[in-house]
$ cat structure.txt   # compact mmCIF, C-alpha atoms
# COMPACT_ATOMS: atom_id res chain seq x y z
CA MET D 1 20.75 3.89 -19.70
CA LEU D 2 23.63 3.77 -17.22
CA GLY D 3 24.14 6.35 -14.50
CA PHE D 4 27.28 8.41 -14.08
CA ASP D 5 28.77 6.07 -11.47
CA ASP D 6 28.16 2.94 -13.55
CA SER D 7 29.57 4.67 -16.63
CA ALA D 8 32.74 5.51 -14.71
CA LYS D 9 33.08 1.88 -13.56
CA LEU D 10 32.64 0.64 -17.13
CA LEU D 11 35.27 3.02 -18.48
CA THR D 12 37.69 1.97 -15.72
CA LEU D 13 37.35 -1.62 -16.88
CA LEU D 14 37.89 -0.65 -20.53
CA ASN D 15 41.07 1.26 -19.66
CA GLY D 16 42.75 -1.77 -18.06
CA GLY D 17 43.90 -3.37 -21.29
CA GLU D 18 47.58 -2.71 -20.79
CA GLU D 19 48.25 -4.24 -17.37
CA ARG D 20 45.35 -6.57 -16.54
CA THR D 21 44.28 -9.83 -18.10
CA LEU D 22 40.91 -10.19 -19.75
CA GLU D 23 39.85 -12.71 -17.11
CA GLN D 24 40.51 -10.21 -14.32
CA ILE D 25 38.55 -7.52 -16.15
CA VAL D 26 35.58 -9.84 -16.72
CA SER D 27 35.67 -10.87 -13.05
CA ASP D 28 35.55 -7.21 -11.99
CA PHE D 29 32.66 -6.64 -14.39
CA ASN D 30 30.62 -9.42 -12.75
CA THR D 31 31.45 -7.96 -9.33
CA ASN D 32 30.50 -4.37 -10.14
CA PHE D 33 27.50 -5.14 -12.33
CA PRO D 34 24.93 -7.67 -11.05
CA ARG D 35 23.24 -9.98 -13.52
CA SER D 36 20.11 -7.83 -13.52
CA VAL D 37 21.99 -4.94 -15.23
CA HIS D 38 24.13 -7.01 -17.61
CA LEU D 39 21.78 -6.21 -20.48
CA TYR D 40 22.10 -2.44 -19.95
CA ALA D 41 25.88 -2.53 -19.55
CA CYS D 42 26.37 -4.74 -22.62
CA SER D 43 23.97 -2.56 -24.62
CA ALA D 44 26.15 0.45 -23.73
CA LEU D 45 29.23 -1.44 -24.94
CA GLU D 46 27.42 -2.39 -28.15
CA PHE D 47 26.63 1.28 -28.68
CA LEU D 48 30.29 2.21 -28.32
CA LEU D 49 31.27 -0.58 -30.75
CA SER D 50 28.58 0.30 -33.28
CA ASP D 51 30.84 2.05 -35.82
CA PRO D 52 34.56 1.31 -35.84
CA LYS D 53 35.24 4.37 -38.02
CA GLU D 54 34.20 6.75 -35.22
CA LYS D 55 36.94 5.44 -32.93
CA LEU D 56 34.99 5.99 -29.70
CA LEU D 57 37.15 3.25 -28.21
CA SER D 58 40.81 2.46 -28.68
CA PRO D 59 41.74 -0.96 -30.13
CA THR D 60 42.47 -2.46 -26.69
CA GLN D 61 39.22 -1.05 -25.32
CA ARG D 62 37.29 -2.60 -28.21
CA LEU D 63 38.79 -6.00 -27.49
CA ILE D 64 37.87 -5.72 -23.81
CA ALA D 65 34.32 -4.69 -24.75
CA PHE D 66 33.91 -7.75 -27.00
CA ALA D 67 35.26 -9.99 -24.23
CA ILE D 68 32.80 -8.59 -21.65
CA ILE D 69 29.82 -8.95 -24.03
CA HIS D 70 30.74 -12.57 -24.71
CA GLN D 71 31.59 -13.59 -21.13
CA ALA D 72 28.52 -11.90 -19.59
CA TYR D 73 26.44 -14.72 -21.09
CA ALA D 74 29.11 -17.42 -21.20
CA SER D 75 27.15 -19.68 -18.84
CA GLN D 76 24.37 -19.97 -21.46
CA LEU D 77 24.29 -21.41 -24.91
CA PRO D 78 25.89 -19.13 -27.52
CA SER D 79 22.56 -18.77 -29.32
CA SER D 80 20.98 -17.51 -26.08
CA ASN D 81 23.30 -14.51 -25.95
CA PRO D 82 21.19 -11.49 -27.00
CA PHE D 83 24.32 -9.96 -28.57
CA ILE D 84 25.42 -13.03 -30.56
CA SER D 85 24.51 -11.36 -33.85
CA LYS D 86 26.73 -8.40 -32.93
CA LEU D 87 29.65 -10.76 -32.25
CA VAL D 88 29.10 -12.62 -35.52
CA ASP D 89 28.93 -9.35 -37.47
CA ALA D 90 32.18 -8.19 -35.85
CA ALA D 91 33.91 -11.46 -36.74
CA CYS D 92 32.75 -11.18 -40.38
CA ASP D 93 33.24 -7.43 -40.88
CA GLU D 94 35.76 -7.16 -43.70
CA GLU D 95 36.37 -3.46 -42.99
CA ALA D 96 37.40 -4.11 -39.40
CA GLU D 97 40.95 -4.77 -38.23
CA LYS D 98 42.13 -8.34 -38.76
CA PHE D 99 43.29 -8.75 -35.17
CA GLU D 100 39.84 -7.68 -33.95
CA ARG D 101 38.07 -10.24 -36.14
CA ALA D 102 40.49 -12.94 -35.04
CA PHE D 103 39.93 -12.00 -31.40
CA VAL D 104 36.14 -12.35 -31.70
CA LEU D 105 36.49 -15.66 -33.54
CA GLN D 106 38.61 -17.04 -30.73
CA LEU D 107 36.02 -15.86 -28.20
CA LEU D 108 33.35 -17.75 -30.10
CA GLY D 109 35.61 -20.79 -30.43
CA ALA D 110 35.30 -20.68 -34.20
CA SER D 111 38.98 -19.97 -34.95
CA THR D 112 41.02 -22.68 -36.63
CA THR D 113 44.29 -21.42 -35.17
CA THR D 114 46.13 -23.42 -32.57
CA VAL D 115 47.73 -20.39 -31.00
CA ARG D 116 45.19 -20.01 -28.20
CA ASN D 117 41.75 -21.33 -27.40
CA SER D 118 39.05 -19.14 -25.85
CA LYS D 119 40.04 -19.97 -22.26
CA GLU D 120 43.72 -19.31 -22.84
CA LEU D 121 42.78 -16.08 -24.55
CA LEU D 122 41.30 -14.66 -21.34
CA ASN D 123 44.57 -15.26 -19.46
CA HIS D 124 46.28 -12.53 -21.52
CA SER D 125 45.76 -8.80 -21.71
CA ALA D 126 44.32 -7.11 -24.77
CA ALA D 127 47.63 -5.41 -25.44
CA ASP D 128 49.49 -8.75 -25.37
CA PHE D 129 47.06 -10.19 -27.90
CA MET D 130 47.71 -7.32 -30.28
CA LYS D 131 51.50 -7.57 -29.87
CA THR D 132 51.62 -11.32 -30.54
CA PHE D 133 49.00 -11.33 -33.30
CA ASP D 134 50.13 -13.21 -36.40
CA LEU D 135 47.78 -12.84 -39.36
CA SER D 136 49.25 -15.84 -41.17
CA SER D 137 48.03 -18.22 -38.45
CA HIS D 138 44.38 -17.19 -38.75
CA SER D 139 41.65 -17.91 -41.26
CA PHE D 140 38.27 -16.21 -41.44
CA PRO D 141 35.10 -18.23 -42.20
CA GLN D 142 32.25 -16.96 -44.36
CA ARG D 143 29.41 -14.98 -42.82
CA GLU D 144 26.80 -17.56 -43.90
CA HIS D 145 28.65 -20.30 -42.07
CA MET D 146 28.91 -18.23 -38.89
CA GLN D 147 25.26 -17.27 -38.97
CA GLN D 148 24.17 -20.84 -39.53
CA GLN D 149 26.31 -21.98 -36.58
CA TYR D 150 25.48 -19.30 -34.00
CA CYS D 151 22.34 -17.46 -35.06
CA THR D 152 19.93 -20.42 -35.32
CA LYS D 153 17.62 -18.70 -32.85
CA ILE D 154 16.64 -15.13 -33.64
CA GLN D 155 17.00 -13.01 -30.51
CA PRO D 156 15.01 -9.80 -30.02
CA GLU D 157 17.28 -6.81 -30.37
CA PRO D 158 17.90 -5.19 -26.95
CA LEU D 159 16.35 -1.78 -26.45
CA LYS D 160 14.61 -2.02 -29.82
CA CYS D 161 12.90 1.18 -30.97
CA SER D 162 10.19 1.20 -33.63
CA PHE D 163 11.75 4.25 -35.35
CA LYS D 164 15.40 3.20 -35.00
CA ASP D 165 15.88 2.95 -38.77
CA SER D 166 14.78 6.58 -39.08
CA SER D 167 16.72 7.86 -36.06
CA VAL D 168 19.79 10.09 -36.10
CA ASN D 169 22.87 8.61 -34.44
CA ASN D 170 23.97 10.20 -31.17
CA VAL D 171 27.59 10.32 -32.35
CA ILE D 172 28.55 12.14 -35.56
CA PRO D 173 32.17 11.98 -36.77
CA ASP D 174 34.11 15.23 -36.71
CA PRO D 175 34.97 16.06 -40.34
CA ASP D 176 38.17 17.80 -39.19
CA VAL D 177 39.51 14.62 -37.58
CA PRO D 178 40.72 12.02 -40.10
CA HIS D 179 39.46 8.47 -39.76
CA GLY D 180 41.82 5.91 -38.35
CA CYS D 181 43.36 8.16 -35.68
CA ASN D 182 44.46 6.50 -32.46
CA GLY D 183 44.05 8.38 -29.19
CA ASN D 184 47.29 7.09 -27.76
CA SER D 185 49.68 7.98 -30.59
CA SER D 186 50.01 10.04 -33.73
CA GLU D 187 48.84 8.28 -36.84
CA PHE D 188 48.81 9.18 -40.51
CA ASP D 189 45.64 9.28 -42.58
CA GLY D 190 47.24 10.12 -45.84
CA PRO D 191 50.35 11.92 -47.01
CA GLY D 192 51.23 14.95 -44.91
CA VAL D 193 48.23 14.63 -42.50
CA THR D 194 48.88 13.95 -38.81
CA SER D 195 46.30 14.16 -35.99
CA LYS D 196 46.07 13.15 -32.37
CA ILE D 197 43.06 12.85 -30.06
CA GLY D 198 43.52 13.13 -26.30
CA SER D 199 42.37 9.98 -24.51
CA GLY D 200 41.16 12.03 -21.55
CA ASN D 201 38.81 14.07 -23.70
CA ARG D 202 37.57 10.93 -25.40
CA ASP D 203 36.83 9.25 -22.06
CA GLU D 204 34.84 12.29 -20.96
CA ALA D 205 32.86 12.22 -24.17
CA VAL D 206 32.12 8.51 -23.84
CA ALA D 207 31.06 8.92 -20.19
CA GLY D 208 28.72 11.74 -21.18
CA LEU D 209 27.15 9.66 -23.93
CA LEU D 210 26.53 6.74 -21.59
CA SER D 211 25.14 8.74 -18.67
CA SER D 212 23.09 11.49 -20.31
CA ILE D 213 22.04 10.44 -23.80
CA SER D 214 19.73 7.61 -24.80
CA LEU D 215 21.43 4.76 -26.63
CA GLU D 216 18.65 4.74 -29.21
CA GLY D 217 19.65 7.96 -30.92
CA LEU D 218 17.42 10.89 -31.75
CA THR D 219 14.24 9.25 -33.00
CA PRO D 220 11.34 11.14 -34.63
CA GLN D 221 8.40 11.88 -32.44
CA TRP D 222 5.43 9.59 -32.81
CA ILE D 223 2.52 11.97 -33.21
CA ARG D 224 -0.64 10.43 -31.79
CA PRO D 225 -3.66 12.77 -32.09
CA PHE D 226 -6.60 12.27 -29.78
CA PRO D 227 -9.38 10.23 -31.43
CA PRO D 228 -12.60 12.15 -32.11
CA ARG D 229 -15.43 11.77 -29.63
CA LEU D 230 -18.39 9.69 -30.68
CA PRO D 231 -21.71 11.51 -31.05
CA ILE D 232 -24.10 11.24 -28.11
CA THR D 233 -27.07 9.07 -28.95
CA ASP D 234 -30.63 9.57 -27.74
CA GLY D 235 -31.13 8.31 -24.22
CA GLU D 236 -27.40 8.23 -23.44
CA LEU D 237 -26.27 9.80 -20.20
CA CYS D 238 -23.96 12.79 -20.61
CA TRP D 239 -20.88 13.17 -18.47
CA LEU D 240 -21.29 16.20 -16.24
CA ASN D 241 -18.54 18.25 -14.67
CA PRO D 242 -20.40 20.31 -12.06
CA ASP D 243 -18.77 23.48 -10.83
CA PHE D 244 -18.81 23.32 -7.05
CA ASN D 245 -18.63 26.72 -5.42
CA HIS D 246 -17.98 25.88 -1.80
CA GLU D 247 -18.80 28.55 0.74
CA LEU D 248 -17.48 28.80 4.25
CA LEU D 249 -20.03 28.42 7.03
CA TRP D 250 -19.35 30.24 10.26
CA ASP D 251 -20.03 28.47 13.56
CA TYR D 252 -21.74 31.15 15.59
CA GLY D 253 -21.67 28.95 18.68
CA MET D 254 -17.88 28.73 18.83
CA CYS D 255 -17.45 31.40 21.49
CA ALA D 256 -20.84 30.99 23.13
CA ASP D 257 -21.17 31.12 26.89
CA THR D 258 -20.69 27.64 28.38
CA SER D 259 -21.19 28.61 32.00
CA ARG D 260 -24.66 27.08 32.01
CA GLY D 261 -23.26 23.73 30.92
CA ALA D 262 -20.59 24.00 33.62
CA ALA D 263 -23.27 24.51 36.24
CA VAL D 264 -25.12 21.38 35.10
CA ARG D 265 -21.90 19.35 35.18
CA ASP D 266 -21.26 20.47 38.76
CA LEU D 267 -24.77 19.49 39.82
CA ILE D 268 -24.52 16.09 38.13
CA ALA D 269 -21.22 15.49 39.93
CA LYS D 270 -23.00 16.22 43.24
CA ALA D 271 -25.95 14.03 42.23
CA LEU D 272 -23.61 11.04 41.87
CA LYS D 273 -22.55 11.39 45.52
CA GLY D 274 -25.90 12.12 47.21
CA ALA D 275 -29.47 13.33 46.81
CA LEU D 276 -29.87 16.88 45.54
CA VAL D 277 -32.13 19.35 47.28
CA PRO D 278 -35.39 20.09 45.45
CA THR D 279 -34.13 23.45 44.08
CA GLN D 280 -30.98 21.87 42.65
CA GLN D 281 -32.93 18.97 41.17
CA GLU D 282 -35.41 21.39 39.59
CA ARG D 283 -32.58 23.44 38.07
CA VAL D 284 -31.04 20.37 36.41
CA LEU D 285 -34.38 19.32 34.95
CA VAL D 286 -35.09 22.84 33.64
CA GLU D 287 -31.64 23.20 32.05
CA LEU D 288 -31.95 19.82 30.32
CA ALA D 289 -35.40 20.73 29.04
CA ASN D 290 -34.16 24.08 27.64
CA ASP D 291 -31.08 22.59 25.95
CA PRO D 292 -31.37 18.84 25.21
CA LYS D 293 -27.75 18.77 23.95
CA LEU D 294 -26.46 19.45 27.46
CA VAL D 295 -27.06 15.79 28.21
CA TYR D 296 -24.00 14.93 26.09
CA HIS D 297 -21.80 17.31 28.08
CA CYS D 298 -23.07 16.81 31.63
CA GLY D 299 -20.31 14.37 32.57
CA LEU D 300 -22.44 11.24 32.94
CA THR D 301 -21.04 7.92 31.63
CA PRO D 302 -22.56 4.41 31.64
CA LYS D 303 -20.33 3.38 34.56
CA LYS D 304 -21.65 6.26 36.70
CA LEU D 305 -25.33 5.49 35.98
CA PRO D 306 -25.92 3.18 39.01
CA GLU D 307 -24.80 5.95 41.42
CA LEU D 308 -27.17 8.45 39.81
CA VAL D 309 -30.08 5.94 39.88
CA GLU D 310 -29.67 5.27 43.61
CA ASN D 311 -29.21 8.92 44.63
CA ASN D 312 -31.41 10.81 42.15
CA PRO D 313 -33.72 8.50 40.16
CA MET D 314 -35.77 11.36 38.65
CA ILE D 315 -32.69 12.94 37.10
CA ALA D 316 -31.57 9.51 35.83
CA VAL D 317 -34.94 9.02 34.13
CA GLU D 318 -34.74 12.44 32.46
CA ILE D 319 -31.19 11.88 31.19
CA LEU D 320 -31.97 8.40 29.81
CA ILE D 321 -34.98 9.82 27.96
CA LYS D 322 -32.78 12.49 26.39
CA LEU D 323 -30.18 9.84 25.43
CA ILE D 324 -32.65 7.46 23.77
CA ASN D 325 -31.32 8.31 20.29
CA SER D 326 -27.69 8.25 21.33
CA PRO D 327 -25.40 5.47 19.99
CA GLU D 328 -24.40 4.76 23.60
CA ILE D 329 -27.94 4.10 24.85
CA SER D 330 -27.43 0.32 24.62
CA GLU D 331 -24.49 0.61 27.04
CA TYR D 332 -26.66 2.54 29.51
CA PHE D 333 -29.38 -0.14 29.27
CA THR D 334 -26.80 -2.89 29.83
CA VAL D 335 -25.56 -1.21 33.00
CA LEU D 336 -29.11 -0.58 34.22
CA VAL D 337 -30.25 -4.18 33.74
CA ASN D 338 -27.20 -5.60 35.48
CA MET D 339 -27.09 -3.26 38.49
CA GLU D 340 -28.20 -4.41 41.94
CA MET D 341 -31.98 -4.67 42.33
CA SER D 342 -33.53 -1.85 44.39
CA LEU D 343 -36.64 0.29 44.72
CA HIS D 344 -35.00 3.15 42.84
CA SER D 345 -33.92 0.99 39.91
CA MET D 346 -37.44 -0.40 39.52
CA GLU D 347 -38.80 3.13 39.77
CA VAL D 348 -36.51 4.26 36.97
CA VAL D 349 -37.44 1.32 34.75
CA ASN D 350 -41.15 1.76 35.49
CA ARG D 351 -41.07 5.47 34.59
CA LEU D 352 -39.12 4.70 31.41
CA THR D 353 -41.73 2.14 30.33
CA THR D 354 -44.48 4.75 30.55
CA THR D 355 -42.47 7.39 28.67
CA ILE D 356 -40.46 5.65 25.95
CA GLU D 357 -40.55 2.28 24.23
CA LEU D 358 -37.92 0.04 25.80
CA PRO D 359 -36.46 -2.97 23.98
CA THR D 360 -38.39 -6.17 24.72
CA GLU D 361 -35.19 -8.08 25.42
CA PHE D 362 -34.20 -5.48 28.01
CA LEU D 363 -37.54 -5.83 29.85
CA HIS D 364 -37.44 -9.64 29.86
CA THR D 365 -33.88 -9.65 31.17
CA TYR D 366 -34.75 -7.10 33.86
CA ILE D 367 -37.77 -9.13 35.02
CA SER D 368 -35.67 -12.31 35.18
CA ASN D 369 -33.05 -10.47 37.25
CA CYS D 370 -35.76 -9.21 39.63
CA ILE D 371 -37.08 -12.75 40.16
CA SER D 372 -33.56 -14.10 40.70
CA ALA D 373 -32.84 -11.33 43.22
CA CYS D 374 -35.96 -12.22 45.22
CA GLN D 375 -35.00 -15.87 45.30
CA GLY D 376 -31.45 -15.14 46.40
CA ILE D 377 -32.22 -13.02 49.49
CA LYS D 378 -31.80 -14.88 52.79
CA ASP D 379 -33.37 -12.24 55.01
CA ARG D 380 -37.10 -13.10 55.23
CA TYR D 381 -38.22 -9.53 55.85
CA MET D 382 -36.16 -8.05 52.99
CA GLN D 383 -37.27 -10.89 50.73
CA ASN D 384 -40.99 -10.26 51.40
CA ARG D 385 -40.48 -6.51 50.84
CA LEU D 386 -38.72 -7.02 47.54
CA VAL D 387 -41.29 -9.59 46.36
CA ARG D 388 -44.10 -7.08 46.98
CA LEU D 389 -42.23 -4.44 44.94
CA VAL D 390 -41.64 -6.87 42.07
CA CYS D 391 -45.26 -7.99 42.03
CA VAL D 392 -46.55 -4.40 41.95
CA PHE D 393 -44.05 -3.63 39.19
CA LEU D 394 -45.16 -6.65 37.10
CA GLN D 395 -48.86 -5.85 37.60
CA SER D 396 -48.21 -2.33 36.31
CA LEU D 397 -46.43 -3.66 33.20
CA ILE D 398 -49.17 -6.18 32.48
CA ARG D 399 -52.09 -3.79 33.00
CA ASN D 400 -50.48 -1.10 30.83
CA LYS D 401 -49.79 -3.76 28.18
CA ILE D 402 -46.14 -2.85 28.10
CA ILE D 403 -45.12 -6.50 27.98
CA ASN D 404 -46.75 -9.54 26.45
CA VAL D 405 -47.61 -11.74 29.42
CA HIS D 406 -47.47 -14.91 27.29
CA ASP D 407 -43.75 -14.38 26.72
CA ILE D 408 -42.98 -14.58 30.45
CA PHE D 409 -46.04 -16.52 31.65
CA ILE D 410 -44.29 -19.68 32.87
CA GLU D 411 -41.50 -17.84 34.70
CA VAL D 412 -43.87 -15.38 36.42
CA GLN D 413 -46.35 -18.12 37.31
CA ALA D 414 -43.62 -20.16 38.99
CA PHE D 415 -42.56 -17.02 40.89
CA CYS D 416 -46.13 -16.44 42.12
CA ILE D 417 -46.50 -20.06 43.24
CA GLU D 418 -43.18 -19.95 45.11
CA PHE D 419 -44.23 -16.84 47.05
CA SER D 420 -47.98 -17.49 47.22
CA ARG D 421 -47.91 -16.73 50.96
CA ILE D 422 -47.51 -13.05 50.11
CA ARG D 423 -50.71 -11.22 49.23
CA GLU D 424 -49.26 -9.31 46.24
CA ALA D 425 -47.94 -12.54 44.74
CA ALA D 426 -51.37 -14.16 45.07
CA GLY D 427 -52.95 -11.12 43.38
CA LEU D 428 -50.46 -11.33 40.52
CA PHE D 429 -51.27 -15.05 40.14
CA ARG D 430 -54.98 -14.30 39.83
CA LEU D 431 -54.21 -11.65 37.21
CA LEU D 432 -52.28 -14.18 35.21
CA LYS D 433 -55.19 -16.64 35.35
CA THR D 434 -57.56 -14.04 33.96
CA LEU D 435 -55.20 -13.47 31.03
CA GLU D 436 -54.45 -17.12 30.36
$ encode --input "structure.txt" --output "structure tokens"
Amino acid sequence: MLGFDDSAKLLTLLNGGEERTLEQIVSDFNTNFPRSVHLYACSALEFLLSDPKEKLLSPTQRLIAFAIIHQAYASQLPSSNPFISKLVDAACDEEAEKFERAFVLQLLGASTTTVRNSKELLNHSAADFMKTFDLSSHSFPQREHMQQQYCTKIQPEPLKCSFKDSSVNNVIPDPDVPHGCNGNSSEFDGPGVTSKIGSGNRDEAVAGLLSSISLEGLTPQWIRPFPPRLPITDGELCWLNPDFNHELLWDYGMCADTSRGAAVRDLIAKALKGALVPTQQERVLVELANDPKLVYHCGLTPKKLPELVENNPMIAVEILIKLINSPEISEYFTVLVNMEMSLHSMEVVNRLTTTIELPTEFLHTYISNCISACQGIKDRYMQNRLVRLVCVFLQSLIRNKIINVHDIFIEVQAFCIEFSRIREAAGLFRLLKTLE
């Protein structure tokens, strides 16, 4: 089906039969209609040419339509043209005008006349062809010969409908208008009968047919009842369509007082900058114990954890315990294991080991970092102090069976031997020997 704009373009081409040559009209057709829509445009022309008695097109327009249908597929073999059967039927239609049959024969190259060949034919207008037509110079072959020559390959009919044979044509002749009337002049269809059809009205009717009505006609409806459902067998699951009655749930905590959470956030902000006084520290611990969810809104992030550990280790321990089931707990552990070694960090880790179960990989990494920190200190006094703290820390882990000593035996033993001059290191070495 063509749209209104394409229908107008097609009619403009059909109305150029007086002044323009067929070659110019075909060239404009290829310009205005890309190859992808040639089938639809040519199907519309075939629809308008379907019954010469209805006179939807004037004689010159019919010639132009045949020329476009033929030249749209001129680059292919004649048998590959999906409308070749239409052209053959037009050339062999004994009820059609002789000049129209001769015109189609020359398009196909099947005419025996020497007046014009198919290429010379396109250099003239449709009106010139009709004026210079000489019936005596043309002969018309039999339909069987034409079909044998051009219809060797059966092409599927374009826009084929299964019920086309039973359909009602879109165009019905007006019984008050005699057949054979020409829209451009008055013609006689019998003694004393004269009629004239306005070409403007006819063009409007043709444009309406092309743009708003299917080219297939009014086909009967194909009634397709739903097939009956099969009976449900024993053991077969039945399809259920549950009726969900969703109810709105009111959030009674939407407008709850958040001043308590604000107070905890202010205290945590102070705890990141320095040690809190005992009353402030006690208030934070009490608030967190009363509402464990405050830990998610206290303003602490993994990057701020080292500051809290150094200034207020007890609060850091309490917050990490509350965050143990949080998806971000692994980030907090990563920051804790990589922060600078100190008494407060070991205190936090030691308290965590006695309260919750820490990942084994975290403990092994933390112990390795402690040993590396002791080995990297240049100050002898600070080194001895840190070694004592690490040894006490490791003895606590081993005695409480928080770690498996066999997993870190070689590394801890080498550490004890390296710092055997320190009493705590010697004591840790003896403890390892007893467990070996």
$ residues_near_point --input "structure.txt" --point "(-28.9, -6.9, 25.5)" --cutoff "9 Å" --atoms "all atoms listed in the file" --output "list of chain:residue names"
D:Ser330, D:Glu331, D:Phe333, D:Thr334, D:Val337, D:Pro359, D:Glu361, D:Phe362, D:Thr365
$ atom_distance --input "structure.txt" --atom1 "CA of Ile321 in chain D" --atom2 "CA of Val277 in chain D"
21.7 Å
$ residues_around --input "structure.txt" --residues "range 90-93 of chain D" --least-positions-apart "3" --cutoff "7 Å" --atoms "all atoms listed in the file" --output "VMD selection string"
chain D and resid 86 to 87 96 101 to 102 104 to 105 143
$ closest_residue --input "structure.txt" --among "D:Ala65, D:Cys238, D:Ala269, D:Ile223" --to "Ser43 in chain D" --atoms "all atoms listed in the file"
D:Ala65
$ closest_residue --input "structure.txt" --among "D:Leu397, D:Val412, D:Leu39, D:Val392" --to "Ser372 in chain D" --atoms "all atoms listed in the file"
D:Val412
$ atom_distance --input "structure.txt" --atom1 "CA of Glu287 in chain D" --atom2 "CA of Gly261 in chain D"
8.5 Å
$ atom_distance --input "structure.txt" --atom1 "CA of Lys273 in chain D" --atom2 "CA of Glu310 in chain D"
9.6 Å
